[in-house]
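Have a look at start.tsv; it's TSV, C-alpha atoms:
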```
chain	number	residue	atom	x	y	z
Q	1	MET	CA	120.15	115.56	106.42
Q	2	ALA	CA	122.54	113.70	104.11
Q	3	GLU	CA	122.32	110.66	106.37
Q	4	ARG	CA	118.50	110.75	106.19
Q	5	VAL	CA	118.61	110.77	102.38
Q	6	SER	CA	121.19	107.97	102.45
Q	7	ARG	CA	119.08	105.89	104.85
Q	8	LEU	CA	115.87	106.40	102.89
Q	9	SER	CA	117.59	105.74	99.56
Q	10	ALA	CA	118.60	102.26	100.70
Q	11	GLU	CA	115.20	101.14	102.02
Q	12	LYS	CA	114.13	99.43	98.76
Q	13	ALA	CA	115.74	98.41	95.47
Q	14	VAL	CA	114.34	101.58	93.87
Q	15	VAL	CA	113.74	104.82	95.76
Q	16	ILE	CA	112.44	107.97	94.10
Q	17	PHE	CA	112.36	111.42	95.68
Q	18	THR	CA	109.62	113.55	94.07
Q	19	ARG	CA	107.33	116.53	94.49
Q	20	SER	CA	103.58	116.02	94.21
Q	21	GLN	CA	102.95	118.44	91.31
Q	22	CYS	CA	106.02	117.58	89.22
Q	23	PRO	CA	105.33	116.45	85.63
Q	24	MET	CA	108.79	114.87	85.20
Q	25	CYS	CA	108.32	112.98	88.46
Q	26	HIS	CA	105.06	111.60	87.10
Q	27	THR	CA	106.85	110.52	83.91
Q	28	VAL	CA	109.52	108.60	85.83
Q	29	LEU	CA	106.97	107.04	88.19
Q	30	SER	CA	104.89	105.93	85.19
Q	31	LEU	CA	107.92	104.31	83.56
Q	32	PHE	CA	108.77	102.33	86.67
Q	33	SER	CA	105.11	101.33	87.07
Q	34	GLU	CA	105.06	100.05	83.46
Q	35	LEU	CA	108.19	98.02	84.25
Q	36	SER	CA	106.41	96.54	87.32
Q	37	VAL	CA	108.89	98.15	89.70
Q	38	TYR	CA	107.50	98.91	93.15
Q	39	ALA	CA	109.57	101.87	94.20
Q	40	ALA	CA	109.58	103.63	97.55
Q	41	VAL	CA	108.42	107.16	96.77
Q	42	HIS	CA	109.15	110.14	99.02
Q	43	GLU	CA	107.28	113.34	98.17
Q	44	LEU	CA	109.54	116.07	99.50
Q	45	ASP	CA	106.83	118.73	99.56
Q	46	LYS	CA	104.86	116.56	102.02
Q	47	ASP	CA	107.77	115.81	104.35
Q	48	PRO	CA	108.49	118.24	107.22
Q	49	ARG	CA	112.21	117.93	106.43
Q	50	GLY	CA	111.66	117.92	102.66
Q	51	ARG	CA	113.36	121.26	101.97
Q	52	GLU	CA	116.54	120.10	103.70
Q	53	MET	CA	116.49	116.82	101.79
Q	54	GLU	CA	115.88	118.74	98.56
Q	55	ARG	CA	118.98	120.87	99.21
Q	56	ASP	CA	121.04	117.73	99.83
Q	57	LEU	CA	119.76	116.11	96.63
Q	58	ALA	CA	120.44	119.31	94.63
Q	59	ARG	CA	124.01	119.24	95.91
Q	60	ARG	CA	124.41	115.57	94.98
Q	61	LEU	CA	122.89	116.00	91.53
Q	62	GLY	CA	124.49	119.36	90.87
Q	63	ARG	CA	121.17	120.79	89.72
Q	64	ALA	CA	117.97	122.37	90.90
Q	65	PRO	CA	115.26	121.32	91.12
Q	66	PRO	CA	116.62	117.94	92.16
Q	67	VAL	CA	113.45	115.95	91.54
Q	68	PRO	CA	112.87	113.33	90.52
Q	69	ALA	CA	115.98	111.85	92.12
Q	70	VAL	CA	116.21	108.12	91.47
Q	71	PHE	CA	118.25	105.68	93.52
Q	72	ILE	CA	118.69	102.09	92.35
Q	73	GLY	CA	120.36	99.63	94.68
Q	74	GLY	CA	121.14	102.49	97.07
Q	75	ASN	CA	123.09	104.41	94.39
Q	76	LEU	CA	122.02	107.77	93.04
Q	77	ILE	CA	121.39	107.25	89.33
Q	78	GLY	CA	120.04	110.67	88.45
Q	79	SER	CA	116.95	112.45	87.29
Q	80	THR	CA	114.58	112.08	84.35
Q	81	ASP	CA	117.21	112.63	81.67
Q	82	MET	CA	119.49	109.88	82.99
Q	83	ILE	CA	116.65	107.41	83.61
Q	84	MET	CA	115.20	107.91	80.11
Q	85	SER	CA	118.66	107.67	78.55
Q	86	LEU	CA	119.33	104.38	80.37
Q	87	HIS	CA	115.91	103.06	79.37
Q	88	LEU	CA	116.28	103.98	75.69
Q	89	SER	CA	119.77	102.45	75.54
Q	90	GLY	CA	118.53	99.19	77.08
Q	91	LYS	CA	120.61	99.58	80.24
Q	92	LEU	CA	117.87	100.36	82.77
Q	93	VAL	CA	116.21	96.93	82.93
Q	94	PRO	CA	119.51	95.05	83.56
Q	95	MET	CA	120.32	97.60	86.28
Q	96	LEU	CA	116.91	97.01	87.87
Q	97	LYS	CA	117.37	93.23	87.67
Q	98	ALA	CA	120.80	93.46	89.30
Q	99	ALA	CA	119.28	95.48	92.16
Q	100	GLY	CA	116.47	92.95	92.65
Q	101	ALA	CA	113.77	95.41	91.60
Q	102	ILE	CA	112.43	93.17	88.81
Q	103	TRP	CA	112.77	89.50	88.08
Q	104	LEU	CA	111.65	89.07	84.46
```
Translate this structure into structure tokens?
Amino acid sequence: MAERVSRLSAEKAVVIFTRSQCPMCHTVLSLFSELSVYAAVHELDKDPRGREMERDLARRLGRAPPVPAVFIGGNLIGSTDMIMSLHLSGKLVPMLKAAGAIWL
């Protein structure tokens, strides 16, 4: 399952693994939407292999639940806390530009 997560995480500049009824997932998705980032979103609770992918992401992140799990440029960045920290420190937008997710 690790290879499936790795393959999916590299399909676009920004890839977010979520669950459909996750408030923190909604927060992260809203932030990226406001930044005009068109992320690939994978809702694990709607994927037949979602539980296996969730276990892999929990292992990678070292926490459960592992959503949202945000990949930028194919690299696992983290969950809500890391994304918000990067955004508030002014580091998220340059990271997104470097990955080709935004151009402005």
Cut-off 7 Å: closest segment 73-100 of chain Q/segment 9-27 of chain Q atom pairs per residue, using only C-alpha atoms, as a tab-separated table:
```
residue	atom	partner	partner_atom	distance
Q:Gly73	CA	Q:Ala13	CA	4.8
Q:Gly74	CA	Q:Ala10	CA	4.4
Q:Thr80	CA	Q:Met24	CA	6.5
Q:Ala99	CA	Q:Ala13	CA	5.7
Q:Gly100	CA	Q:Ala13	CA	6.2
```
message: Let me make sure I understand: among Q:Ser79, Q:Ser36, Q:Ser85, Q:Ser30, which one has the smallest atom-to-atom distance to Pro65 of chain Q if we use all atoms listed in the file?
response: Q:Ser79
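Here atom CA of Ile102 of chain Q stands at a distance of 16.7 Å from atom CA of Ile77 of chain Q.
Each of Q:Ile72, Q:Glu52, Q:Leu31, Q:Asp47 was compared to Met95 of chain Q using only C-alpha atoms, and Q:Ile72 turns out to be the nearest.
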message: If we count only C-alpha atoms and set the cut-off at 12 Å, which residues sit around Glu54 of chain Q, ignoring sequence neighbours fewer than 3 positions away in its own chain? Please answer as an MDAnalysis selection string.
response: chainID Q and resid 1:2 4:5 17:19 42:51 57:69
- line: Counting only C-alpha atoms, closest pick from Q:Ala98, Q:Leu92, Q:Leu76, Q:Asp81 relative to Leu35 of chain Q is Q:Leu92
